[in-house]
$ cat run_30.cif   # mmCIF, C-alpha atoms and all ligand atoms
data_upload
#
loop_
_atom_site.label_atom_id
_atom_site.label_comp_id
_atom_site.auth_asym_id
_atom_site.auth_seq_id
_atom_site.Cartn_x
_atom_site.Cartn_y
_atom_site.Cartn_z
CA MET A 1 9.75 -20.00 -3.07
CA ASP A 2 6.79 -21.11 -0.95
CA PHE A 3 4.43 -18.13 -1.17
CA LEU A 4 1.79 -19.65 1.14
CA SER A 5 4.14 -19.72 4.16
CA ARG A 6 4.71 -15.96 4.08
CA ARG A 7 3.04 -14.30 7.07
CA SER A 8 3.33 -10.89 8.72
CA ILE A 9 5.55 -11.33 11.76
CA ARG A 10 5.58 -8.80 14.57
CA LYS A 11 8.09 -10.32 17.01
CA TYR A 12 11.73 -10.75 16.09
CA LYS A 13 14.77 -12.49 17.54
CA ASP A 14 17.58 -10.32 18.85
CA ILE A 15 19.75 -11.20 15.85
CA PRO A 16 20.99 -8.58 13.35
CA VAL A 17 20.08 -8.94 9.69
CA GLU A 18 23.21 -9.59 7.63
CA LYS A 19 24.22 -6.66 5.40
CA GLU A 20 24.55 -9.06 2.44
CA LYS A 21 20.91 -10.09 2.85
CA LEU A 22 19.72 -6.47 3.07
CA ASP A 23 21.71 -5.73 -0.09
CA GLU A 24 20.12 -8.70 -1.88
CA ILE A 25 16.66 -7.46 -0.87
CA LEU A 26 17.43 -3.91 -2.03
CA LYS A 27 18.72 -5.17 -5.38
CA THR A 28 15.39 -6.84 -6.13
CA ALA A 29 13.39 -3.80 -5.00
CA ILE A 30 15.44 -1.40 -7.15
CA VAL A 31 14.61 -3.34 -10.32
CA ALA A 32 10.94 -3.93 -9.45
CA PRO A 33 8.56 -2.86 -12.25
CA THR A 34 7.34 0.76 -12.33
CA GLY A 35 4.76 2.68 -14.37
CA HIS A 36 6.29 4.23 -17.52
CA ASN A 37 9.56 2.70 -16.26
CA ALA A 38 9.86 5.85 -14.12
CA LYS A 39 12.03 4.13 -11.49
CA GLY A 40 11.20 6.82 -8.94
CA CYS A 41 11.39 4.64 -5.83
CA GLU A 42 14.21 5.02 -3.35
CA PHE A 43 14.84 3.24 -0.08
CA ILE A 44 15.81 4.38 3.41
CA VAL A 45 17.46 1.53 5.27
CA PHE A 46 17.36 1.26 9.06
CA GLU A 47 20.06 -1.18 10.15
CA LYS A 48 20.06 -0.72 13.89
CA PRO A 49 17.25 -1.73 16.29
CA GLU A 50 17.56 1.58 18.16
CA ASP A 51 16.91 3.47 14.88
CA VAL A 52 13.95 1.26 14.01
CA ARG A 53 12.46 1.91 17.47
CA LYS A 54 12.45 5.66 16.78
CA LEU A 55 9.76 4.98 14.17
CA ILE A 56 7.29 3.74 16.82
CA GLY A 57 6.29 7.37 17.51
CA VAL A 58 5.61 8.04 13.84
CA LYS A 59 2.25 6.33 14.13
CA SER A 60 -0.06 6.18 17.12
CA MET A 61 -1.47 2.73 16.31
CA GLY A 62 -0.03 -0.46 14.84
CA ALA A 63 3.67 0.41 15.24
CA VAL A 64 4.41 -1.07 18.68
CA PHE A 65 5.64 -4.26 17.02
CA LEU A 66 8.75 -2.34 15.91
CA GLU A 67 10.01 -2.76 19.48
CA THR A 68 11.87 -5.96 18.55
CA ALA A 69 12.55 -5.34 14.86
CA PRO A 70 16.31 -5.24 14.17
CA ALA A 71 16.09 -3.63 10.72
CA GLY A 72 13.78 -2.41 8.01
CA ILE A 73 13.40 -0.46 4.82
CA ALA A 74 11.18 2.56 4.16
CA VAL A 75 9.91 2.86 0.60
CA VAL A 76 9.83 6.43 -0.68
CA CYS A 77 9.16 7.70 -4.17
CA ASN A 78 10.00 10.76 -6.24
CA THR A 79 6.61 12.15 -7.23
CA ASP A 80 8.14 14.41 -9.93
CA LYS A 81 9.29 11.26 -11.72
CA ALA A 82 6.52 8.81 -10.94
CA LYS A 83 2.87 9.54 -11.64
CA THR A 84 2.07 6.04 -10.33
CA TRP A 85 4.06 6.48 -7.13
CA ILE A 86 1.64 4.53 -4.93
CA GLU A 87 1.57 1.55 -7.28
CA ASP A 88 5.34 1.66 -7.84
CA SER A 89 6.05 1.87 -4.11
CA SER A 90 3.58 -0.95 -3.36
CA VAL A 91 5.25 -3.23 -5.89
CA ALA A 92 8.68 -2.39 -4.43
CA ALA A 93 7.40 -3.00 -0.88
CA TYR A 94 5.97 -6.41 -1.75
CA THR A 95 9.17 -7.28 -3.59
CA ILE A 96 11.07 -6.53 -0.36
CA ILE A 97 8.65 -8.76 1.56
CA LEU A 98 8.98 -11.65 -0.88
CA LYS A 99 12.77 -11.47 -1.24
CA ALA A 100 13.15 -11.34 2.54
CA HIS A 101 10.94 -14.43 2.82
CA ASP A 102 13.07 -16.12 0.17
CA LEU A 103 16.15 -15.43 2.32
CA GLY A 104 14.58 -16.92 5.47
CA LEU A 105 13.67 -13.56 7.00
CA SER A 106 10.33 -12.35 8.33
CA THR A 107 8.69 -8.99 7.67
CA CYS A 108 5.74 -6.80 8.47
CA TRP A 109 4.41 -3.78 6.56
CA LEU A 110 3.99 -0.58 8.60
CA GLN A 111 1.69 1.77 6.73
CA LEU A 112 2.77 5.42 6.87
CA LYS A 113 0.74 6.98 4.06
CA GLU A 114 -2.46 8.53 5.41
CA ARG A 115 -1.71 7.47 8.97
CA PHE A 116 -1.31 9.70 12.04
CA GLY A 117 1.02 10.03 15.01
CA LYS A 118 1.00 12.08 18.19
CA ASP A 119 -1.38 15.08 18.24
CA ASN A 120 -2.93 13.76 15.04
CA ARG A 121 0.12 14.82 13.00
CA PRO A 122 0.38 12.98 9.67
CA SER A 123 2.89 10.12 9.91
CA GLU A 124 4.29 11.24 6.55
CA GLU A 125 5.14 14.65 8.04
CA ILE A 126 6.83 13.18 11.13
CA PHE A 127 8.76 10.72 8.96
CA ARG A 128 9.82 13.50 6.56
CA GLU A 129 11.23 15.52 9.43
CA MET A 130 13.03 12.50 10.96
CA THR A 131 14.70 11.43 7.73
CA ASN A 132 15.15 14.77 5.89
CA LEU A 133 12.94 13.43 3.12
CA PRO A 134 12.63 16.14 0.40
CA GLU A 135 9.19 17.61 -0.37
CA ASN A 136 9.05 15.98 -3.81
CA TYR A 137 9.29 12.51 -2.27
CA ASN A 138 6.43 10.67 -0.57
CA VAL A 139 6.70 7.76 1.83
CA LEU A 140 4.38 4.79 1.49
CA CYS A 141 5.48 2.40 4.22
CA PHE A 142 8.24 0.88 6.28
CA ILE A 143 8.91 -2.84 5.99
CA ALA A 144 10.28 -4.27 9.26
CA ILE A 145 12.74 -7.11 8.65
CA GLY A 146 14.25 -9.67 10.99
CA TYR A 147 14.42 -13.27 12.09
CA GLY A 148 10.94 -14.12 13.32
CA ASP A 149 10.32 -15.04 16.93
CA GLU A 150 6.69 -16.09 16.62
CA GLU A 151 5.06 -18.97 14.80
CA ARG A 152 2.23 -18.14 12.45
CA PRO A 153 0.68 -20.92 10.43
CA SER A 154 1.32 -21.11 6.74
CA TYR A 155 -1.68 -20.52 4.49
CA THR A 156 -3.04 -23.75 3.04
CA ASP A 157 -5.18 -24.61 0.06
CA LYS A 158 -8.20 -24.10 2.35
CA ASP A 159 -7.35 -20.37 2.47
CA VAL A 160 -7.19 -20.15 -1.29
CA ASP A 161 -10.72 -19.05 -2.16
CA LEU A 162 -10.93 -19.75 -5.85
CA SER A 163 -14.43 -18.22 -6.01
CA LYS A 164 -12.61 -14.88 -6.17
CA VAL A 165 -11.30 -15.75 -9.58
CA HIS A 166 -13.35 -14.77 -12.63
CA TYR A 167 -12.69 -15.61 -16.23
CA ASN A 168 -13.42 -13.01 -18.90
CA LYS A 169 -16.53 -11.73 -17.09
CA PHE A 170 -17.23 -11.06 -13.40
C1 LIG B 1 -1.21 -1.80 2.83
C2 LIG B 1 -0.88 -2.56 4.09
C3 LIG B 1 -0.77 -1.89 5.30
C4 LIG B 1 -0.43 -2.57 6.47
N1 LIG B 1 -0.21 -1.85 7.61
C5 LIG B 1 0.15 -2.50 8.74
C6 LIG B 1 0.50 -1.76 9.91
O1 LIG B 1 0.57 -0.54 9.91
N2 LIG B 1 0.80 -2.46 11.03
C7 LIG B 1 0.80 -3.84 11.05
O2 LIG B 1 1.06 -4.41 12.11
N3 LIG B 1 0.50 -4.57 9.94
C8 LIG B 1 0.20 -3.94 8.78
N4 LIG B 1 -0.04 -4.65 7.62
C9 LIG B 1 0.00 -6.12 7.65
C10 LIG B 1 -1.43 -6.72 7.60
O3 LIG B 1 -2.05 -6.52 8.84
C11 LIG B 1 -1.32 -8.22 7.24
O4 LIG B 1 -0.77 -8.35 5.95
C12 LIG B 1 -2.70 -8.89 7.26
O5 LIG B 1 -3.21 -8.92 8.58
C13 LIG B 1 -2.65 -10.35 6.74
O6 LIG B 1 -1.71 -11.12 7.46
P1 LIG B 1 -0.50 -11.88 6.72
O7 LIG B 1 0.41 -10.82 6.14
O8 LIG B 1 0.18 -12.70 7.79
O9 LIG B 1 -1.09 -12.72 5.63
C14 LIG B 1 -0.31 -3.99 6.44
C15 LIG B 1 -0.42 -4.67 5.22
C16 LIG B 1 -0.66 -3.97 4.05
C17 LIG B 1 -0.70 -4.71 2.73
#
$ encode --input "run_30.cif" --output "C-alpha cells" --more "lines below"
Ligand SMILES: Cc1cc2nc3c(=O)[nH]c(=O)nc-3n(C[C@H](O)[C@H](O)[C@H](O)COP(=O)(O)O)c2cc1C
Amino acid sequence: MDFLSRRSIRKYKDIPVEKEKLDEILKTAIVAPTGHNAKGCEFIVFEKPEDVRKLIGVKSMGAVFLETAPAGIAVVCNTDKAKTWIEDSSVAAYTIILKAHDLGLSTCWLQLKERFGKDNRPSEEIFREMTNLPENYNVLCFIAIGYGDEERPSYTDKDVDLSKVHYNKF
C-alpha cells in the first residue's frame, strides 16, 4: 500500500460503497490491536447517504463535508471493558482509514469526542441519542467513506520531515 497518497477527502462521488468492501474494512478494524487485548471497540455502520447526512447536525463545525458521503463507520468502545478506550478506538479508526485506502476508497475522520453541536450540546450526547448508544459505550469519531471526487496531492518525500525522528535520546 502507498501510505503517502492517503489524504482526507471531503467530497465524494454519488456511488455507493460495495457491501463487500465495507465488510473487508470492518474485518480489519475488529482485529486491530487493543490495550490488554480488551477488544472493546464496536462499529456502527451507516450505509445510506441519507443516514450519513443526519450526522451533519451532530457537530456545529467541520461536518458539512458529510453532505456527499455515501457511507461511513462510527467507532464506539465499551468503557467497562477497555481502560484504553481512546487509544483502542484511534487505532481502529486509523485501521479503517488505511484499509479503505487499500481498497481504492477515500475517507475523512469526523471527530465526535469533545465536540459540540447545536445549543452547545456535546456531540457525544446527540450521537448517543441518535444511535441508542448505551451509557457504558463512548464514541470517538465517525469515518466517512466513499469514492473521492476531489484531487488532493499525495505526500512526497519533501513532506517527510526526518528531523522529527530521534534515536535513543530526544
Ligand atoms: C483526531 C482527528 C480529528 C479530525 N477531525 C476532523 C473533523 O472533525 N472534520 C474534518 O473535516 N477533518 C477532520 N480530521 C482530518 C484532518 O483535518 C486531516 O487529517 C488533516 O488536515 C491532515 O490532512 P490529510 O489527512 O489529508 O493528511 C481529523 C483528523 C484527526 C486525526
$ closest_residue --input "run_30.cif" --among "A:Thr79, A:Lys39, A:Ala29, A:Arg10" --to "Glu135 (chain A)" --atoms "all atoms listed in the file"
A:Thr79
$ residues_around --input "run_30.cif" --residues "Ala38 (chain A)" --least-positions-apart "5" --cutoff "10 Å" --atoms "all atoms listed in the file" --output "ChimeraX atom specification"
/A:33,78-85,88
$ write_last_selection --input "run_30.cif" --atoms "C-alpha atoms" --output "PDB file, in the frame of the given file"
ATOM      1  CA  PRO A  33       8.560  -2.860 -12.250  1.00  0.00           C
ATOM      2  CA  ASN A  78      10.000  10.760  -6.240  1.00  0.00           C
ATOM      3  CA  THR A  79       6.610  12.150  -7.230  1.00  0.00           C
ATOM      4  CA  ASP A  80       8.140  14.410  -9.930  1.00  0.00           C
ATOM      5  CA  LYS A  81       9.290  11.260 -11.720  1.00  0.00           C
ATOM      6  CA  ALA A  82       6.520   8.810 -10.940  1.00  0.00           C
ATOM      7  CA  LYS A  83       2.870   9.540 -11.640  1.00  0.00           C
ATOM      8  CA  THR A  84       2.070   6.040 -10.330  1.00  0.00           C
ATOM      9  CA  TRP A  85       4.060   6.480  -7.130  1.00  0.00           C
ATOM     10  CA  ASP A  88       5.340   1.660  -7.840  1.00  0.00           C
TER      11      ASP A  88
END
$ closest_atom_pairs --input "run_30.cif" --of "chain A" --to "ligand LIG 1 (chain B)" --cutoff "6 Å" --atoms "only C-alpha atoms and all ligand atoms" --output "Markdown table"
| residue | atom | partner | partner_atom | distance |
| --- | --- | --- | --- | --- |
| A:Arg7 | CA | B:LIG1 | O8 | 3.4 |
| A:Ser8 | CA | B:LIG1 | O8 | 3.8 |
| A:Gly62 | CA | B:LIG1 | N2 | 4.4 |
| A:Ala63 | CA | B:LIG1 | N2 | 5.8 |
| A:Cys108 | CA | B:LIG1 | C9 | 5.8 |
| A:Trp109 | CA | B:LIG1 | N4 | 4.7 |
| A:Leu110 | CA | B:LIG1 | O1 | 3.7 |
| A:Gln111 | CA | B:LIG1 | O1 | 4.1 |
$ closest_atom_pairs --input "run_30.cif" --of "region 2-94 of chain A" --to "region 141-162 of chain A" --cutoff "8 Å" --atoms "all atoms listed in the file" --output "JSON lines"
{"residue": "A:Leu4", "atom": "CA", "partner": "A:Tyr155", "partner_atom": "CA", "distance": 4.9}
{"residue": "A:Ser5", "atom": "CA", "partner": "A:Ser154", "partner_atom": "CA", "distance": 4.1}
{"residue": "A:Arg6", "atom": "CA", "partner": "A:Ser154", "partner_atom": "CA", "distance": 6.7}
{"residue": "A:Arg7", "atom": "CA", "partner": "A:Arg152", "partner_atom": "CA", "distance": 6.7}
{"residue": "A:Ile9", "atom": "CA", "partner": "A:Gly148", "partner_atom": "CA", "distance": 6.3}
{"residue": "A:Arg10", "atom": "CA", "partner": "A:Glu150", "partner_atom": "CA", "distance": 7.7}
{"residue": "A:Lys11", "atom": "CA", "partner": "A:Asp149", "partner_atom": "CA", "distance": 5.2}
{"residue": "A:Tyr12", "atom": "CA", "partner": "A:Gly148", "partner_atom": "CA", "distance": 4.4}
{"residue": "A:Lys13", "atom": "CA", "partner": "A:Asp149", "partner_atom": "CA", "distance": 5.2}
{"residue": "A:Ile15", "atom": "CA", "partner": "A:Tyr147", "partner_atom": "CA", "distance": 6.8}
{"residue": "A:Pro16", "atom": "CA", "partner": "A:Gly146", "partner_atom": "CA", "distance": 7.2}
{"residue": "A:Val17", "atom": "CA", "partner": "A:Gly146", "partner_atom": "CA", "distance": 6.0}
{"residue": "A:Leu66", "atom": "CA", "partner": "A:Ala144", "partner_atom": "CA", "distance": 7.1}
{"residue": "A:Ala69", "atom": "CA", "partner": "A:Gly146", "partner_atom": "CA", "distance": 6.1}
{"residue": "A:Pro70", "atom": "CA", "partner": "A:Gly146", "partner_atom": "CA", "distance": 5.8}
{"residue": "A:Ala71", "atom": "CA", "partner": "A:Ile145", "partner_atom": "CA", "distance": 5.3}
{"residue": "A:Gly72", "atom": "CA", "partner": "A:Ala144", "partner_atom": "CA", "distance": 4.2}
{"residue": "A:Ile73", "atom": "CA", "partner": "A:Ile143", "partner_atom": "CA", "distance": 5.2}
{"residue": "A:Ala74", "atom": "CA", "partner": "A:Phe142", "partner_atom": "CA", "distance": 4.0}
{"residue": "A:Val75", "atom": "CA", "partner": "A:Cys141", "partner_atom": "CA", "distance": 5.7}
{"residue": "A:Val76", "atom": "CA", "partner": "A:Cys141", "partner_atom": "CA", "distance": 7.7}
{"residue": "A:Ala93", "atom": "CA", "partner": "A:Ile143", "partner_atom": "CA", "distance": 7.0}
$ closest_residue --input "run_30.cif" --among "A:Lys21, A:Lys48, A:Asp2, A:Ala92" --to "Leu105 (chain A)" --atoms "all atoms listed in the file"
A:Lys21
$ residues_around --input "run_30.cif" --residues "region 120-126 of chain A" --least-positions-apart "3" --cutoff "10 Å" --atoms "only C-alpha atoms" --output "ChimeraX atom specification"
/A:55,57-60,111-117,129-133,135,138-141
$ closest_residue --input "run_30.cif" --among "A:Val64, A:Cys77, A:Phe46, A:Arg53" --to "Ser90 (chain A)" --atoms "all atoms listed in the file"
A:Cys77
$ residues_around --input "run_30.cif" --residues "Leu98 (chain A)" --least-positions-apart "2" --cutoff "10 Å" --atoms "all atoms listed in the file" --output "ChimeraX atom specification"
/A:1-3,6,25,28-29,92-96,100-107
$ atom_distance --input "run_30.cif" --atom1 "CA of Glu20 (chain A)" --atom2 "CA of Phe127 (chain A)"
26.1 Å
$ atom_distance --input "run_30.cif" --atom1 "CA of Glu87 (chain A)" --atom2 "CA of Cys41 (chain A)"
10.4 Å
$ axis_aligned_box --input "run_30.cif" --around "region 161-169 of chain A" --padding-each-side "4 Å" --output "AutoDock Vina command-line options"
--center_x -13.6 --center_y -15.7 --center_z -10.5 --size_x 13.8 --size_y 16.0 --size_z 24.7
$ atom_distance --input "run_30.cif" --atom1 "CA of Lys27 (chain A)" --atom2 "CA of Lys99 (chain A)"
9.6 Å
$ build_atoms --input "run_30.cif" --residues "region 71-106 of chain A" --atoms "N, CA and C atoms" --output "PDB file, in the frame of the given file"
ATOM      1  N   ALA A  71      15.784  -4.385  11.949  1.00  0.00           N
ATOM      2  CA  ALA A  71      16.090  -3.630  10.720  1.00  0.00           C
ATOM      3  C   ALA A  71      14.805  -3.398   9.939  1.00  0.00           C
ATOM      4  N   GLY A  72      14.948  -2.632   8.871  1.00  0.00           N
ATOM      5  CA  GLY A  72      13.780  -2.410   8.010  1.00  0.00           C
ATOM      6  C   GLY A  72      14.105  -1.418   6.915  1.00  0.00           C
ATOM      7  N   ILE A  73      13.181  -1.331   5.980  1.00  0.00           N
ATOM      8  CA  ILE A  73      13.400  -0.460   4.820  1.00  0.00           C
ATOM      9  C   ILE A  73      12.140   0.368   4.586  1.00  0.00           C
ATOM     10  N   ALA A  74      12.306   1.683   4.514  1.00  0.00           N
ATOM     11  CA  ALA A  74      11.180   2.560   4.160  1.00  0.00           C
ATOM     12  C   ALA A  74      11.195   2.753   2.650  1.00  0.00           C
ATOM     13  N   VAL A  75      10.022   2.664   2.046  1.00  0.00           N
ATOM     14  CA  VAL A  75       9.910   2.860   0.600  1.00  0.00           C
ATOM     15  C   VAL A  75       9.389   4.266   0.349  1.00  0.00           C
ATOM     16  N   VAL A  76      10.214   5.064  -0.335  1.00  0.00           N
ATOM     17  CA  VAL A  76       9.830   6.430  -0.680  1.00  0.00           C
ATOM     18  C   VAL A  76       9.879   6.573  -2.200  1.00  0.00           C
ATOM     19  N   CYS A  77       9.200   7.595  -2.716  1.00  0.00           N
ATOM     20  CA  CYS A  77       9.160   7.700  -4.170  1.00  0.00           C
ATOM     21  C   CYS A  77       9.167   9.164  -4.604  1.00  0.00           C
ATOM     22  N   ASN A  78       9.907   9.425  -5.663  1.00  0.00           N
ATOM     23  CA  ASN A  78      10.000  10.760  -6.240  1.00  0.00           C
ATOM     24  C   ASN A  78       8.745  11.032  -7.074  1.00  0.00           C
ATOM     25  N   THR A  79       7.898  11.926  -6.576  1.00  0.00           N
ATOM     26  CA  THR A  79       6.610  12.150  -7.230  1.00  0.00           C
ATOM     27  C   THR A  79       6.749  13.043  -8.473  1.00  0.00           C
ATOM     28  N   ASP A  80       7.892  13.676  -8.667  1.00  0.00           N
ATOM     29  CA  ASP A  80       8.140  14.410  -9.930  1.00  0.00           C
ATOM     30  C   ASP A  80       8.349  13.398 -11.055  1.00  0.00           C
ATOM     31  N   LYS A  81       8.991  12.282 -10.704  1.00  0.00           N
ATOM     32  CA  LYS A  81       9.290  11.260 -11.720  1.00  0.00           C
ATOM     33  C   LYS A  81       8.130  10.317 -11.948  1.00  0.00           C
ATOM     34  N   ALA A  82       7.476   9.924 -10.860  1.00  0.00           N
ATOM     35  CA  ALA A  82       6.520   8.810 -10.940  1.00  0.00           C
ATOM     36  C   ALA A  82       5.092   9.268 -10.719  1.00  0.00           C
ATOM     37  N   LYS A  83       4.288   9.195 -11.776  1.00  0.00           N
ATOM     38  CA  LYS A  83       2.870   9.540 -11.640  1.00  0.00           C
ATOM     39  C   LYS A  83       2.152   8.409 -10.900  1.00  0.00           C
ATOM     40  N   THR A  84       2.688   7.202 -10.997  1.00  0.00           N
ATOM     41  CA  THR A  84       2.070   6.040 -10.330  1.00  0.00           C
ATOM     42  C   THR A  84       2.867   5.695  -9.068  1.00  0.00           C
ATOM     43  N   TRP A  85       3.141   6.720  -8.247  1.00  0.00           N
ATOM     44  CA  TRP A  85       4.060   6.480  -7.130  1.00  0.00           C
ATOM     45  C   TRP A  85       3.506   5.484  -6.111  1.00  0.00           C
ATOM     46  N   ILE A  86       2.200   5.459  -5.927  1.00  0.00           N
ATOM     47  CA  ILE A  86       1.640   4.530  -4.930  1.00  0.00           C
ATOM     48  C   ILE A  86       1.788   3.093  -5.430  1.00  0.00           C
ATOM     49  N   GLU A  87       1.451   2.894  -6.710  1.00  0.00           N
ATOM     50  CA  GLU A  87       1.570   1.550  -7.280  1.00  0.00           C
ATOM     51  C   GLU A  87       3.032   1.103  -7.292  1.00  0.00           C
ATOM     52  N   ASP A  88       3.914   2.008  -7.752  1.00  0.00           N
ATOM     53  CA  ASP A  88       5.340   1.660  -7.840  1.00  0.00           C
ATOM     54  C   ASP A  88       5.902   1.300  -6.461  1.00  0.00           C
ATOM     55  N   SER A  89       5.537   2.107  -5.470  1.00  0.00           N
ATOM     56  CA  SER A  89       6.050   1.870  -4.110  1.00  0.00           C
ATOM     57  C   SER A  89       5.472   0.575  -3.541  1.00  0.00           C
ATOM     58  N   SER A  90       4.206   0.285  -3.871  1.00  0.00           N
ATOM     59  CA  SER A  90       3.580  -0.950  -3.360  1.00  0.00           C
ATOM     60  C   SER A  90       4.269  -2.176  -3.950  1.00  0.00           C
ATOM     61  N   VAL A  91       4.564  -2.104  -5.245  1.00  0.00           N
ATOM     62  CA  VAL A  91       5.250  -3.230  -5.890  1.00  0.00           C
ATOM     63  C   VAL A  91       6.628  -3.422  -5.251  1.00  0.00           C
ATOM     64  N   ALA A  92       7.340  -2.308  -5.038  1.00  0.00           N
ATOM     65  CA  ALA A  92       8.680  -2.390  -4.430  1.00  0.00           C
ATOM     66  C   ALA A  92       8.573  -2.967  -3.013  1.00  0.00           C
ATOM     67  N   ALA A  93       7.561  -2.524  -2.266  1.00  0.00           N
ATOM     68  CA  ALA A  93       7.400  -3.000  -0.880  1.00  0.00           C
ATOM     69  C   ALA A  93       7.139  -4.505  -0.860  1.00  0.00           C
ATOM     70  N   TYR A  94       6.277  -4.967  -1.748  1.00  0.00           N
ATOM     71  CA  TYR A  94       5.970  -6.410  -1.750  1.00  0.00           C
ATOM     72  C   TYR A  94       7.165  -7.220  -2.262  1.00  0.00           C
ATOM     73  N   THR A  95       7.939  -6.611  -3.132  1.00  0.00           N
ATOM     74  CA  THR A  95       9.170  -7.280  -3.590  1.00  0.00           C
ATOM     75  C   THR A  95      10.123  -7.471  -2.403  1.00  0.00           C
ATOM     76  N   ILE A  96      10.220  -6.445  -1.568  1.00  0.00           N
ATOM     77  CA  ILE A  96      11.070  -6.530  -0.360  1.00  0.00           C
ATOM     78  C   ILE A  96      10.566  -7.682   0.519  1.00  0.00           C
ATOM     79  N   ILE A  97       9.249  -7.728   0.707  1.00  0.00           N
ATOM     80  CA  ILE A  97       8.650  -8.760   1.560  1.00  0.00           C
ATOM     81  C   ILE A  97       8.959 -10.158   1.013  1.00  0.00           C
ATOM     82  N   LEU A  98       8.782 -10.318  -0.287  1.00  0.00           N
ATOM     83  CA  LEU A  98       8.980 -11.650  -0.880  1.00  0.00           C
ATOM     84  C   LEU A  98      10.449 -12.061  -0.898  1.00  0.00           C
ATOM     85  N   LYS A  99      11.339 -11.117  -1.207  1.00  0.00           N
ATOM     86  CA  LYS A  99      12.770 -11.470  -1.240  1.00  0.00           C
ATOM     87  C   LYS A  99      13.257 -11.804   0.172  1.00  0.00           C
ATOM     88  N   ALA A 100      12.773 -11.048   1.154  1.00  0.00           N
ATOM     89  CA  ALA A 100      13.150 -11.340   2.540  1.00  0.00           C
ATOM     90  C   ALA A 100      12.695 -12.751   2.908  1.00  0.00           C
ATOM     91  N   HIS A 101      11.489 -13.094   2.542  1.00  0.00           N
ATOM     92  CA  HIS A 101      10.940 -14.430   2.820  1.00  0.00           C
ATOM     93  C   HIS A 101      11.816 -15.498   2.152  1.00  0.00           C
ATOM     94  N   ASP A 102      12.207 -15.206   0.931  1.00  0.00           N
ATOM     95  CA  ASP A 102      13.070 -16.120   0.170  1.00  0.00           C
ATOM     96  C   ASP A 102      14.401 -16.356   0.894  1.00  0.00           C
ATOM     97  N   LEU A 103      14.854 -15.340   1.623  1.00  0.00           N
ATOM     98  CA  LEU A 103      16.150 -15.430   2.320  1.00  0.00           C
ATOM     99  C   LEU A 103      15.997 -15.906   3.770  1.00  0.00           C
ATOM    100  N   GLY A 104      14.802 -16.379   4.118  1.00  0.00           N
ATOM    101  CA  GLY A 104      14.580 -16.920   5.470  1.00  0.00           C
ATOM    102  C   GLY A 104      14.302 -15.856   6.519  1.00  0.00           C
ATOM    103  N   LEU A 105      13.966 -14.654   6.064  1.00  0.00           N
ATOM    104  CA  LEU A 105      13.670 -13.560   7.000  1.00  0.00           C
ATOM    105  C   LEU A 105      12.161 -13.332   7.090  1.00  0.00           C
ATOM    106  N   SER A 106      11.748 -12.690   8.163  1.00  0.00           N
ATOM    107  CA  SER A 106      10.330 -12.350   8.330  1.00  0.00           C
ATOM    108  C   SER A 106      10.169 -10.832   8.208  1.00  0.00           C
TER     109      SER A 106
END
